[in-house]
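**Q** Dropping a structure here in structure tokens format, bear with me for questions.
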Amino acid sequence: DGNDTLTVGDGANVVTGGIGNDTVVAGVGADTITGGVGVDAMTGGTGGDRFVFAAGDSSSTAGSNDSISDFSVADGDKLALGVTATAANTLVGTAATDYAQALSDATALIGTGSRDIVAIQVGADTYVFSDSSSTNSITNAIKLTGATASTLSVATFV
């Protein structure tokens with residue numbers, strides 16, 4: 001625990017940051033990366049990486065979101081959010097002018113109980129909001145730096 005910098009080489013690595021503001025950098029391979037509680041910056045490298053989030057791991061407060069710098073659907077990257085994605089409970093590909101609007105839109109959608117996962121494009125980045133606790137409230141907000149929301153699908157979430 002603490003503010004850690006974790007760098008791992010190539011291969012199928014399992015990396016856990018724990019509590020604190022961690023930086024995790026992985027190499028080539030299908031890695032499983034858990035940032036844990038705190039403001040974490042993660043890079044999976046090439047290969048189909050799995051980024052794991054428990055409820056409350058990534059804050060919805062602006063500027064305090066966990067971020068993934070190289071999330072790639074083409075590489076087979078996945079987000080494990082603690083909720084099963086379905087066509088009915090997942091909304092991807094909408095857009096907002098800024099993070100405040102994205103958070104407001106996601107809060108409204110998740111708050112009604114109609115959605116558990118919402119991905120919203122803000123400029124060049126995508127924010128993924130989730131309700132991992134079945135409370136109709138946002139339990140995680142994750143920034144996918146440079147990712148396009150419309151490339152995400154139900155299959156992105158495991």
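Labels used: A, B, ... for chains in the order of the structure tokens, numbers from 1 for residues in each chain, and numbers from 1 for ligands as shown.
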Which residues are close to Gly29 (chain A), i.e. within 9 Å by only C-alpha atoms, leaving aside same-chain residues fewer than 6 positions away? Reply as a VMD selection string.
**A** chain A and resid 9 to 13 44 to 49
**Q** List the spatial neighbours of Gly63 (chain A) as a ChimeraX atom specification - criterion: any atom at most 10 Å away, only C-alpha atoms, same-chain residues fewer than 4 positions off excluded.
**A** /A:39,59,67,99,143
**Q** CA of Ile142 (chain A) to CA of Thr7 (chain A): how many Å, to one decimal?
**A**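 We find that CA of Ile142 (chain A) and CA of Thr7 (chain A) lie 20.6 Å from each other.
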**Q** For region 144-152 of chain A, work out the shell of residues within 8 Å, counting only C-alpha atoms and skipping chain neighbours fewer than 5 positions away, then give it as a PDB file with N, CA, C and O atoms, in the first residue's frame.
**A**
ATOM      1  N   SER A  67      -7.119   6.198 -14.497  1.00  0.00           N
ATOM      2  CA  SER A  67      -7.003   6.346 -15.944  1.00  0.00           C
ATOM      3  C   SER A  67      -6.227   5.175 -16.535  1.00  0.00           C
ATOM      4  O   SER A  67      -5.332   4.619 -15.898  1.00  0.00           O
ATOM      5  N   ILE A  68      -6.626   4.824 -17.741  1.00  0.00           N
ATOM      6  CA  ILE A  68      -5.934   3.800 -18.522  1.00  0.00           C
ATOM      7  C   ILE A  68      -5.466   4.495 -19.794  1.00  0.00           C
ATOM      8  O   ILE A  68      -6.279   5.000 -20.569  1.00  0.00           O
ATOM      9  N   SER A  69      -4.149   4.514 -20.002  1.00  0.00           N
ATOM     10  CA  SER A  69      -3.600   5.332 -21.084  1.00  0.00           C
ATOM     11  C   SER A  69      -3.609   4.652 -22.447  1.00  0.00           C
ATOM     12  O   SER A  69      -3.455   5.326 -23.454  1.00  0.00           O
ATOM     13  N   ASP A  70      -3.776   3.333 -22.474  1.00  0.00           N
ATOM     14  CA  ASP A  70      -3.670   2.638 -23.763  1.00  0.00           C
ATOM     15  C   ASP A  70      -4.762   1.590 -23.961  1.00  0.00           C
ATOM     16  O   ASP A  70      -4.522   0.560 -24.575  1.00  0.00           O
ATOM     17  N   PHE A  71      -5.965   1.877 -23.473  1.00  0.00           N
ATOM     18  CA  PHE A  71      -7.052   0.906 -23.611  1.00  0.00           C
ATOM     19  C   PHE A  71      -7.357   0.694 -25.089  1.00  0.00           C
ATOM     20  O   PHE A  71      -7.580   1.652 -25.825  1.00  0.00           O
ATOM     21  N   SER A  72      -7.342  -0.578 -25.519  1.00  0.00           N
ATOM     22  CA  SER A  72      -7.518  -0.880 -26.935  1.00  0.00           C
ATOM     23  C   SER A  72      -8.454  -2.073 -27.126  1.00  0.00           C
ATOM     24  O   SER A  72      -8.111  -3.201 -26.749  1.00  0.00           O
ATOM     25  N   VAL A  73      -9.610  -1.797 -27.714  1.00  0.00           N
ATOM     26  CA  VAL A  73     -10.535  -2.874 -28.060  1.00  0.00           C
ATOM     27  C   VAL A  73      -9.873  -3.793 -29.082  1.00  0.00           C
ATOM     28  O   VAL A  73     -10.007  -5.016 -29.012  1.00  0.00           O
ATOM     29  N   VAL A  92     -23.173   2.668 -24.549  1.00  0.00           N
ATOM     30  CA  VAL A  92     -21.866   3.149 -24.998  1.00  0.00           C
ATOM     31  C   VAL A  92     -22.044   4.060 -26.208  1.00  0.00           C
ATOM     32  O   VAL A  92     -22.998   3.934 -26.956  1.00  0.00           O
ATOM     33  N   GLY A  93     -21.097   4.989 -26.351  1.00  0.00           N
ATOM     34  CA  GLY A  93     -21.043   5.783 -27.569  1.00  0.00           C
ATOM     35  C   GLY A  93     -21.714   7.130 -27.512  1.00  0.00           C
ATOM     36  O   GLY A  93     -21.721   7.842 -28.509  1.00  0.00           O
ATOM     37  N   THR A  94     -22.260   7.551 -26.368  1.00  0.00           N
ATOM     38  CA  THR A  94     -22.823   8.892 -26.296  1.00  0.00           C
ATOM     39  C   THR A  94     -21.692   9.890 -26.066  1.00  0.00           C
ATOM     40  O   THR A  94     -20.563   9.510 -25.761  1.00  0.00           O
ATOM     41  N   ALA A 119     -20.755   4.545 -21.010  1.00  0.00           N
ATOM     42  CA  ALA A 119     -19.498   5.054 -21.561  1.00  0.00           C
ATOM     43  C   ALA A 119     -19.792   6.303 -22.375  1.00  0.00           C
ATOM     44  O   ALA A 119     -20.606   6.261 -23.307  1.00  0.00           O
ATOM     45  N   ILE A 120     -19.137   7.408 -22.023  1.00  0.00           N
ATOM     46  CA  ILE A 120     -19.419   8.702 -22.644  1.00  0.00           C
ATOM     47  C   ILE A 120     -18.116   9.319 -23.159  1.00  0.00           C
ATOM     48  O   ILE A 120     -17.128   9.409 -22.429  1.00  0.00           O
ATOM     49  N   GLN A 121     -18.146   9.762 -24.406  1.00  0.00           N
ATOM     50  CA  GLN A 121     -17.016  10.436 -25.040  1.00  0.00           C
ATOM     51  C   GLN A 121     -16.969  11.884 -24.577  1.00  0.00           C
ATOM     52  O   GLN A 121     -17.975  12.596 -24.628  1.00  0.00           O
ATOM     53  N   ALA A 124     -11.262  13.811 -26.652  1.00  0.00           N
ATOM     54  CA  ALA A 124     -10.536  12.651 -27.183  1.00  0.00           C
ATOM     55  C   ALA A 124     -10.603  11.441 -26.256  1.00  0.00           C
ATOM     56  O   ALA A 124     -10.105  10.375 -26.600  1.00  0.00           O
ATOM     57  N   ASP A 125     -11.214  11.594 -25.076  1.00  0.00           N
ATOM     58  CA  ASP A 125     -11.220  10.536 -24.068  1.00  0.00           C
ATOM     59  C   ASP A 125     -12.619   9.970 -23.857  1.00  0.00           C
ATOM     60  O   ASP A 125     -13.616  10.614 -24.180  1.00  0.00           O
ATOM     61  N   THR A 126     -12.660   8.774 -23.272  1.00  0.00           N
ATOM     62  CA  THR A 126     -13.933   8.149 -22.906  1.00  0.00           C
ATOM     63  C   THR A 126     -13.943   7.926 -21.404  1.00  0.00           C
ATOM     64  O   THR A 126     -12.946   7.478 -20.829  1.00  0.00           O
ATOM     65  N   TYR A 127     -15.072   8.229 -20.789  1.00  0.00           N
ATOM     66  CA  TYR A 127     -15.266   7.951 -19.370  1.00  0.00           C
ATOM     67  C   TYR A 127     -16.276   6.825 -19.247  1.00  0.00           C
ATOM     68  O   TYR A 127     -17.339   6.864 -19.872  1.00  0.00           O
ATOM     69  N   VAL A 128     -15.919   5.819 -18.445  1.00  0.00           N
ATOM     70  CA  VAL A 128     -16.806   4.690 -18.188  1.00  0.00           C
ATOM     71  C   VAL A 128     -17.278   4.805 -16.743  1.00  0.00           C
ATOM     72  O   VAL A 128     -16.463   4.856 -15.807  1.00  0.00           O
TER      73      VAL A 128
END
**Q** Would you pick out the contacts of Asn21 (chain A) at 6 Å or less, using only C-alpha atoms, so that residues sharing its chain but fewer than 4 positions from it are not included, and give the list as a list of chain:residue names?
**A** A:Asn3, A:Gly38, A:Val39, A:Asp40
**Q** Take the residues from that selection and write them out as a CSV table (one decimal), in the first residue's frame, keeping N, CA and C atoms.
**A**
chain,number,residue,atom,x,y,z
A,3,ASN,N,1.7,5.0,-2.4
A,3,ASN,CA,1.8,5.5,-3.7
A,3,ASN,C,2.9,4.8,-4.4
A,38,GLY,N,-7.7,4.5,-4.8
A,38,GLY,CA,-6.8,5.7,-5.0
A,38,GLY,C,-6.9,6.1,-6.5
A,39,VAL,N,-6.1,7.1,-6.8
A,39,VAL,CA,-6.1,7.7,-8.2
A,39,VAL,C,-5.0,7.0,-8.9
A,40,ASP,N,-5.3,6.0,-9.7
A,40,ASP,CA,-4.3,5.1,-10.3
A,40,ASP,C,-4.2,5.5,-11.8
**Q** Could you check the closest approach to Val52 (chain A) for each of A:Asp75, A:Gly27, A:Asp105, A:Val15 and tell me which residue wins, using only C-alpha atoms?
**A**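 The closest residue to Val52 (chain A) is A:Val15.
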**Q** Can you check which residues of chain A DSSP gives as strand (DSSP E or B) on the backbone and send them as JSON, numbers by chain?
**A** {"A": [5, 6, 7, 14, 15, 16, 23, 24, 25, 32, 33, 34, 41, 42, 43, 50, 51, 52, 66, 67, 68, 78, 79, 80, 90, 91, 92, 93, 94, 95, 96, 117, 118, 119, 120, 121, 122, 125, 126, 127, 128, 129, 130, 140, 141, 142, 143, 144, 157]}
**Q** Let's have the selection written as a PDB file, in the first residue's frame, with C-alpha atoms.
**A**
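Everything below was put into out-v9.pdb:
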ATOM      1  CA  THR A   5       5.114   2.631  -9.160  1.00  0.00           C
ATOM      2  CA  LEU A   6       4.879  -0.916 -10.508  1.00  0.00           C
ATOM      3  CA  THR A   7       6.531  -1.857 -13.796  1.00  0.00           C
ATOM      4  CA  VAL A  14      -1.010 -10.156 -12.472  1.00  0.00           C
ATOM      5  CA  VAL A  15      -0.417  -6.736 -10.909  1.00  0.00           C
ATOM      6  CA  THR A  16      -2.211  -5.180  -7.924  1.00  0.00           C
ATOM      7  CA  THR A  23       1.240   3.947 -11.439  1.00  0.00           C
ATOM      8  CA  VAL A  24       1.153   0.543 -13.123  1.00  0.00           C
ATOM      9  CA  VAL A  25       2.993  -0.111 -16.399  1.00  0.00           C
ATOM     10  CA  THR A  32      -4.532  -8.550 -15.256  1.00  0.00           C
ATOM     11  CA  ILE A  33      -4.201  -5.153 -13.609  1.00  0.00           C
ATOM     12  CA  THR A  34      -5.959  -3.977 -10.449  1.00  0.00           C
ATOM     13  CA  ALA A  41      -2.645   5.543 -13.725  1.00  0.00           C
ATOM     14  CA  MET A  42      -2.459   2.279 -15.658  1.00  0.00           C
ATOM     15  CA  THR A  43      -0.845   1.209 -18.922  1.00  0.00           C
ATOM     16  CA  ARG A  50      -7.953  -7.082 -18.132  1.00  0.00           C
ATOM     17  CA  PHE A  51      -8.381  -4.041 -15.889  1.00  0.00           C
ATOM     18  CA  VAL A  52     -10.196  -4.971 -12.668  1.00  0.00           C
ATOM     19  CA  ASP A  66      -8.347   6.164 -12.403  1.00  0.00           C
ATOM     20  CA  SER A  67      -7.003   6.346 -15.944  1.00  0.00           C
ATOM     21  CA  ILE A  68      -5.934   3.800 -18.522  1.00  0.00           C
ATOM     22  CA  LYS A  78     -11.409  -5.672 -21.153  1.00  0.00           C
ATOM     23  CA  LEU A  79     -12.856  -3.905 -18.117  1.00  0.00           C
ATOM     24  CA  ALA A  80     -14.005  -6.023 -15.164  1.00  0.00           C
ATOM     25  CA  THR A  90     -25.050  -0.938 -20.952  1.00  0.00           C
ATOM     26  CA  LEU A  91     -24.957   2.299 -22.933  1.00  0.00           C
ATOM     27  CA  VAL A  92     -21.866   3.149 -24.998  1.00  0.00           C
ATOM     28  CA  GLY A  93     -21.043   5.783 -27.569  1.00  0.00           C
ATOM     29  CA  THR A  94     -22.823   8.892 -26.296  1.00  0.00           C
ATOM     30  CA  ALA A  95     -20.968  12.214 -26.053  1.00  0.00           C
ATOM     31  CA  ALA A  96     -20.763  15.154 -23.650  1.00  0.00           C
ATOM     32  CA  ILE A 117     -22.545   0.755 -17.299  1.00  0.00           C
ATOM     33  CA  VAL A 118     -22.381   4.022 -19.262  1.00  0.00           C
ATOM     34  CA  ALA A 119     -19.498   5.054 -21.561  1.00  0.00           C
ATOM     35  CA  ILE A 120     -19.419   8.702 -22.644  1.00  0.00           C
ATOM     36  CA  GLN A 121     -17.016  10.436 -25.040  1.00  0.00           C
ATOM     37  CA  VAL A 122     -15.569  13.730 -23.765  1.00  0.00           C
ATOM     38  CA  ASP A 125     -11.220  10.536 -24.068  1.00  0.00           C
ATOM     39  CA  THR A 126     -13.933   8.149 -22.906  1.00  0.00           C
ATOM     40  CA  TYR A 127     -15.266   7.951 -19.370  1.00  0.00           C
ATOM     41  CA  VAL A 128     -16.806   4.690 -18.188  1.00  0.00           C
ATOM     42  CA  PHE A 129     -19.212   4.945 -15.258  1.00  0.00           C
ATOM     43  CA  SER A 130     -20.510   1.878 -13.463  1.00  0.00           C
ATOM     44  CA  ASN A 140     -16.594   3.820 -10.372  1.00  0.00           C
ATOM     45  CA  ALA A 141     -15.658   6.394 -13.011  1.00  0.00           C
ATOM     46  CA  ILE A 142     -12.702   5.447 -15.219  1.00  0.00           C
ATOM     47  CA  LYS A 143     -10.948   7.574 -17.835  1.00  0.00           C
ATOM     48  CA  LEU A 144      -9.855   5.774 -20.999  1.00  0.00           C
ATOM     49  CA  PHE A 157     -17.058  -5.477 -20.086  1.00  0.00           C
TER      50      PHE A 157
END
**Q** Please give the complete set of residues from chain A that DSSP, run on the backbone, assigns to alpha helix (DSSP H), formatted as a list of chain:residue names.
**A** A:Tyr99, A:Ala100, A:Gln101, A:Ala102, A:Leu103, A:Ser104, A:Asp105, A:Ala106, A:Thr107, A:Ala108, A:Leu109, A:Ile110, A:Gly111
**Q** From the list A:Ala87, A:Ala108, A:Leu103, A:Val37, which residue is nearest Ala55 (chain A) when using only C-alpha atoms?
**A**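 Once distances to Ala55 (chain A) are computed over only C-alpha atoms, the minimum belongs to A:Val37.
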**Q** Can you work out which one of A:Asp22, A:Asp116, A:Asp98, A:Asp31 has the shortest atom-to-atom distance to Gly2 (chain A), counting only C-alpha atoms?
**A**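 Among the listed residues, A:Asp22 lies closest to Gly2 (chain A).
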**Q** Kindly indicate which residue among A:Leu109, A:Ala54, A:Ala85, A:Ile138 lies nearest to Ser153 (chain A), using only C-alpha atoms for the distances.
**A**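 Of the candidates, the smallest distance to Ser153 (chain A) is held by A:Ala85.
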**Q** Nearest to Val158 (chain A): which of A:Thr84, A:Ser134, A:Ser64, A:Gln101 is it, counting only C-alpha atoms?
**A** A:Thr84
